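Undergrad: Got a file for you: start.cif, mmCIF, C-alpha atoms.
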```
data_work
loop_
_atom_site.label_atom_id
_atom_site.label_comp_id
_atom_site.auth_asym_id
_atom_site.auth_seq_id
_atom_site.Cartn_x
_atom_site.Cartn_y
_atom_site.Cartn_z
CA MET R 24 0.00 0.00 0.00
CA ILE R 25 1.40 3.41 -0.94
CA SER R 26 0.31 6.83 0.26
CA GLU R 27 -2.39 8.72 -1.62
CA GLU R 28 -0.14 11.78 -1.96
CA GLY R 29 2.77 9.71 -3.26
CA SER R 30 0.49 7.92 -5.70
CA TRP R 31 -0.87 11.24 -7.02
CA LEU R 32 2.60 12.76 -7.42
CA GLY R 33 4.03 9.75 -9.28
CA ALA R 34 1.02 9.47 -11.60
CA ALA R 35 1.17 13.21 -12.35
CA ALA R 36 4.88 12.90 -13.22
CA ALA R 37 4.10 9.98 -15.55
CA ARG R 38 1.34 12.00 -17.28
CA ARG R 39 3.70 14.93 -17.72
CA LEU R 40 6.37 12.70 -19.25
CA ALA R 41 3.78 11.29 -21.68
CA GLN R 42 2.68 14.84 -22.62
CA LEU R 43 6.26 15.83 -23.41
CA GLY R 44 6.61 12.80 -25.73
CA CYS R 45 10.35 12.51 -25.18
CA CYS R 46 10.69 8.75 -24.77
CA GLU R 47 9.10 5.37 -25.35
CA THR R 48 7.05 4.02 -22.48
CA GLU R 49 6.02 0.42 -21.92
CA GLU R 50 3.30 -1.00 -19.70
CA GLY R 51 3.91 -0.09 -16.08
CA LEU R 52 5.54 -2.44 -13.62
CA SER R 53 3.31 -4.93 -11.83
CA GLU R 54 3.36 -5.63 -8.09
CA ALA R 55 5.18 -8.91 -8.80
CA GLU R 56 7.82 -7.03 -10.80
CA PHE R 57 8.27 -4.46 -8.03
CA ALA R 58 8.72 -7.26 -5.51
CA ARG R 59 11.36 -8.96 -7.69
CA ILE R 60 13.28 -5.74 -8.34
CA GLU R 61 13.28 -4.66 -4.71
CA HIS R 62 14.41 -8.09 -3.55
CA GLU R 63 17.11 -8.40 -6.21
CA TYR R 64 18.62 -4.92 -5.76
CA GLY R 65 18.05 -4.45 -2.04
CA PHE R 66 15.88 -1.34 -1.78
CA GLU R 67 12.24 -0.25 -1.79
CA PHE R 68 10.99 2.43 -4.16
CA ALA R 69 9.62 5.64 -2.64
CA ASP R 70 5.85 5.90 -3.13
CA ASP R 71 5.94 8.52 -5.90
CA HIS R 72 8.69 6.67 -7.79
CA ARG R 73 6.68 3.44 -7.52
CA ALA R 74 3.50 5.12 -8.80
CA PHE R 75 5.48 6.72 -11.66
CA LEU R 76 6.81 3.33 -12.81
CA ALA R 77 3.44 1.62 -12.28
CA ALA R 78 1.82 4.13 -14.65
CA GLY R 79 4.36 3.39 -17.39
CA LEU R 80 7.95 2.20 -17.69
CA PRO R 81 10.12 4.66 -19.66
CA VAL R 82 12.67 2.62 -21.58
CA ARG R 83 14.09 4.44 -24.59
CA GLN R 84 14.49 7.82 -26.15
CA PRO R 85 15.86 8.98 -29.49
CA TRP R 86 19.65 9.21 -29.53
CA GLU R 87 20.96 12.77 -29.45
CA GLU R 88 24.41 14.08 -30.32
CA GLY R 89 26.51 14.43 -27.19
CA GLN R 90 24.39 12.02 -25.14
CA THR R 91 26.66 10.27 -22.63
CA TRP R 92 24.36 7.42 -21.54
CA GLU R 93 23.33 4.86 -24.16
CA ASN R 94 20.39 3.75 -22.00
CA PRO R 95 19.71 6.53 -19.47
CA TRP R 96 16.35 5.08 -18.35
CA PRO R 97 16.86 2.02 -16.12
CA ASP R 98 14.91 -0.79 -17.78
CA TRP R 99 13.73 -2.52 -14.63
CA ARG R 100 11.87 -5.18 -16.63
CA ASN R 101 14.29 -6.33 -19.35
CA GLY R 102 17.55 -4.56 -18.58
CA ASP R 103 20.83 -6.38 -18.08
CA PRO R 104 20.97 -7.18 -14.33
CA GLU R 105 24.66 -6.30 -14.05
CA ALA R 106 24.12 -2.95 -15.79
CA LEU R 107 21.17 -2.23 -13.49
CA ARG R 108 23.25 -3.13 -10.44
CA GLU R 109 25.98 -0.74 -11.60
CA HIS R 110 23.35 1.97 -12.10
CA VAL R 111 22.00 1.42 -8.58
CA GLU R 112 25.53 1.52 -7.13
CA TRP R 113 26.52 4.66 -9.10
CA PRO R 114 26.26 7.17 -6.20
CA VAL R 115 28.48 5.12 -3.88
CA ASP R 116 30.91 4.00 -6.60
CA TYR R 117 31.39 7.54 -7.90
CA LEU R 118 31.94 8.82 -4.35
CA LEU R 119 34.56 6.09 -3.84
CA TRP R 120 36.30 7.31 -6.99
CA ASP R 121 36.39 10.76 -5.42
CA VAL R 122 37.83 9.23 -2.22
CA GLU R 123 40.58 7.56 -4.23
CA HIS R 124 41.41 10.98 -5.66
CA GLY R 125 41.51 12.86 -2.37
CA HIS R 126 38.01 13.31 -0.93
CA TRP R 127 37.58 12.43 2.73
CA ARG R 128 34.93 13.13 5.38
CA SER R 129 36.22 14.09 8.82
CA SER R 130 33.55 11.88 10.42
CA TRP R 131 35.35 8.86 8.96
CA GLY R 132 38.39 9.47 11.15
CA GLU R 133 41.97 9.82 9.97
CA ARG R 134 42.46 9.22 6.26
CA PRO R 135 44.84 6.37 5.38
CA ASN R 136 47.85 7.46 3.32
CA ASP R 137 47.30 4.73 0.73
CA PRO R 138 44.43 5.81 -1.62
CA LEU R 139 43.24 2.22 -2.08
CA GLU R 140 43.16 1.67 1.67
CA ALA R 141 41.20 4.92 2.01
CA VAL R 142 38.69 3.57 -0.52
CA GLU R 143 38.24 0.37 1.50
CA VAL R 144 37.69 2.30 4.75
CA ALA R 145 35.18 4.57 2.96
CA ARG R 146 33.43 1.54 1.42
CA VAL R 147 32.75 0.20 4.92
CA ARG R 148 31.49 3.62 6.06
CA LEU R 149 29.20 3.88 3.02
CA ALA R 150 27.62 0.44 3.52
CA ASP R 151 24.82 1.91 5.64
CA VAL R 152 24.12 5.23 3.91
CA PRO R 153 20.59 5.73 2.51
CA ARG R 154 20.09 3.99 -0.83
CA MET R 155 19.54 6.13 -3.88
CA VAL R 156 17.52 4.78 -6.80
CA PRO R 157 18.16 5.79 -10.40
CA VAL R 158 15.41 7.68 -12.18
CA TYR R 159 17.31 8.63 -15.34
CA ALA R 160 21.06 8.59 -16.05
CA HIS R 161 22.74 10.09 -12.94
CA ARG R 162 19.49 11.52 -11.53
CA PHE R 163 18.38 9.76 -8.35
CA LEU R 164 15.61 9.62 -5.77
CA PRO R 165 16.02 8.24 -2.26
CA ALA R 166 14.65 4.76 -1.66
CA GLY R 167 11.99 4.26 0.98
CA ARG R 168 8.49 2.82 1.00
CA GLY R 169 6.11 5.21 2.72
CA THR R 170 8.03 8.31 1.61
CA PHE R 171 7.45 10.69 -1.29
CA GLY R 172 8.16 14.22 -2.47
CA HIS R 173 11.94 13.98 -2.27
CA PRO R 174 13.97 16.28 -4.51
CA VAL R 175 15.58 14.54 -7.48
CA LEU R 176 19.37 14.77 -7.18
CA SER R 177 21.92 14.83 -9.97
CA MET R 178 24.80 12.83 -8.51
CA ARG R 179 28.44 12.58 -9.54
CA GLY R 180 30.16 11.77 -6.28
CA THR R 181 30.80 14.98 -4.34
CA ASP R 182 29.33 16.96 -7.27
CA THR R 183 25.67 16.62 -6.28
CA ILE R 184 22.97 19.17 -7.08
CA TYR R 185 19.21 19.49 -7.01
CA TYR R 186 17.56 18.69 -10.34
CA GLY R 187 13.94 19.02 -9.28
CA THR R 188 11.99 19.91 -6.16
CA ASP R 189 10.17 16.59 -6.57
CA LEU R 190 9.58 13.99 -9.30
CA LEU R 191 6.96 16.08 -11.14
CA ASP R 192 9.15 19.19 -11.20
CA TYR R 193 12.11 17.05 -12.25
CA ILE R 194 10.32 15.85 -15.41
CA ASP R 195 9.93 19.47 -16.51
CA GLN R 196 13.49 20.38 -15.53
CA GLU R 197 14.97 17.46 -17.48
CA PHE R 198 12.73 17.14 -20.52
CA ARG R 199 10.87 20.39 -21.16
CA ASP R 200 12.40 22.56 -23.86
CA PRO R 201 13.15 25.25 -22.99
CA ARG R 202 13.77 24.26 -19.38
CA PRO R 203 11.65 26.29 -16.94
CA GLU R 204 13.53 29.10 -15.23
CA HIS R 205 13.95 28.85 -11.48
CA THR R 206 11.93 31.42 -9.59
CA GLU R 207 12.28 32.58 -5.99
CA THR R 208 9.82 29.86 -4.99
CA TRP R 209 12.05 27.11 -6.47
CA GLN R 210 13.62 26.02 -3.22
CA PRO R 211 14.22 22.27 -2.94
CA HIS R 212 14.76 20.90 0.54
CA ALA R 213 17.10 17.94 1.04
CA THR R 214 15.32 15.05 2.69
CA VAL R 215 17.92 12.29 2.85
CA SER R 216 20.71 12.13 5.40
CA PHE R 217 24.37 11.84 4.37
CA TRP R 218 23.83 12.74 0.72
CA ARG R 219 22.42 16.16 1.59
CA ASP R 220 25.85 17.09 2.94
CA TYR R 221 27.09 17.23 -0.67
CA LEU R 222 24.41 19.60 -1.95
#
```
Output the structure of this file as structure tokens.
TA:
Amino acid sequence: MISEEGSWLGAAAARRLAQLGCCETEEGLSEAEFARIEHEYGFEFADDHRAFLAAGLPVRQPWEEGQTWENPWPDWRNGDPEALREHVEWPVDYLLWDVEHGHWRSSWGERPNDPLEAVEVARVRLADVPRMVPVYAHRFLPAGRGTFGHPVLSMRGTDTIYYGTDLLDYIDQEFRDPRPEHTETWQPHATVSFWRDYL
């Protein structure tokens, strides 16, 4: 059972994506498919993300010059499991790359001199951070059944920014052309611990 507000927000985001006509969408994920995905990859979708994917599964878009991701939409139904796992692990893996190249949080204690040892210490520290779930390319929402309305984050390790106040706003920010200008009222609020420290 997902919240009424989360269900509304996810369905509205799916309708907006369909209106913009920027990608192919397949039949939405079933409850059995959600259960398999969440078991296999070790997270639960937030309510709005779940409702978005239940309304329709975005899978492809026309290739554009300069596009860096061949398949930016995670194909939760037919995608390669290893590629999906890498997509799910992107936020942690990219942060570990930053650790190897000098990043360190003071809360982790003294940094080892050896970069590879530093990565291993950081990997242990990152084992319990909140899971982030890919929405599109390196745009992520926090995991968490019973939650909704999180800002969408664009994540490249320590280079993490807001990309939408919530899933509905994100669809406009990513796919509307021209992108809507931010007004004074566009003020996302970080909702997920640890990762918000990088915003």
Undergrad: Determine the residue membership of the PyMOL selection byres ((chain R and resi 192) around 12) for the file above and supply it as a PyMOL selection string.
TA: chain R and resi 32-33+35-37+39-40+172-176+185-191+193-199+202-205+209-211
Undergrad: For R:His126, which residue out of R:Asp98, R:Pro153, R:Thr183, R:Ala145 is the nearest one, using all atoms listed in the file?
TA: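 Among R:Asp98, R:Pro153, R:Thr183, R:Ala145, it is R:Ala145 that comes nearest to R:His126.
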Undergrad: Restricting the calculation to all atoms listed in the file, which member of R:Ala74, R:Val111, R:Leu43, R:Leu80 is positioned closest to R:Ala160?
TA: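 Of R:Ala74, R:Val111, R:Leu43, R:Leu80, the one nearest R:Ala160, counting all atoms listed in the file, is R:Val111.
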Undergrad: Run through the PyMOL selection byres ((chain R and resi 52-55) around 6) on the given coordinates and return the selected residues as a PDB file with C-alpha atoms, keeping the file's coordinate frame.
TA:
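Contents of expr.pdb, as written:
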```pdb
ATOM      1  CA  GLY R  51       3.910  -0.090 -16.080  1.00  0.00           C
ATOM      2  CA  GLU R  56       7.820  -7.030 -10.800  1.00  0.00           C
ATOM      3  CA  PHE R  57       8.270  -4.460  -8.030  1.00  0.00           C
ATOM      4  CA  ALA R  58       8.720  -7.260  -5.510  1.00  0.00           C
ATOM      5  CA  LEU R  76       6.810   3.330 -12.810  1.00  0.00           C
ATOM      6  CA  ALA R  77       3.440   1.620 -12.280  1.00  0.00           C
TER       7      ALA R  77
END
```
Undergrad: Which residues fall under the PyMOL selection byres ((chain R and resi 180) around 6) in this file, as a PyMOL selection string?
TA: chain R and resi 117-118+178-179+181-182
Undergrad: So what do you get for atom CA of R:Gly102 versus atom CA of R:Val156, distance-wise?
TA: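 Those two atoms sit 15.0 Å apart.
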Undergrad: Smallest atom-to-atom distance to R:Pro81: which of R:Tyr159, R:Trp120, R:Trp127, R:Phe66, using all atoms listed in the file?
TA: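 Among the listed residues, the smallest separation from R:Pro81 belongs to R:Tyr159.
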Undergrad: Between R:Trp96, R:Leu149, R:Asp103, R:Arg73, which has the minimum distance to R:Val122 (counting all atoms listed in the file)?
TA: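 Closest residue, counting all atoms listed in the file: R:Leu149.
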Undergrad: Mind checking which residues fall within 12 Å of R:Leu119, counting all atoms listed in the file, ignoring those fewer than 3 positions away in the same chain, and posting them as number ranges by chain?
TA: R: 112-116, 122-128, 138-150, 179-181
Undergrad: Kindly indicate which residue among R:Pro157, R:Pro201, R:Glu49, R:Ala213 lies nearest to R:Glu109, using all atoms listed in the file for the distances.
TA: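 Closest to R:Glu109 of all the choices is R:Pro157.
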Undergrad: Go ahead and compute the interatomic distance for atom CA of R:Arg108 and atom CA of R:Cys46, in Å to one decimal.
TA: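 Straight-line distance from atom CA of R:Arg108 to atom CA of R:Cys46 works out to 22.5 Å.
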Undergrad: Could you tell me how far atom CA of R:Ile60 lies from atom CA of R:Pro104, in Å and to one decimal?
TA: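 Separation of atom CA of R:Ile60 and atom CA of R:Pro104: 9.9 Å.
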Undergrad: Return the single residue from R:Asp200, R:Glu61, R:Glu50, R:Asp70 that is closest to R:Leu164, with distances computed using only C-alpha atoms.
TA: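 Ranking R:Asp200, R:Glu61, R:Glu50, R:Asp70 by distance to R:Leu164, first place goes to R:Asp70.
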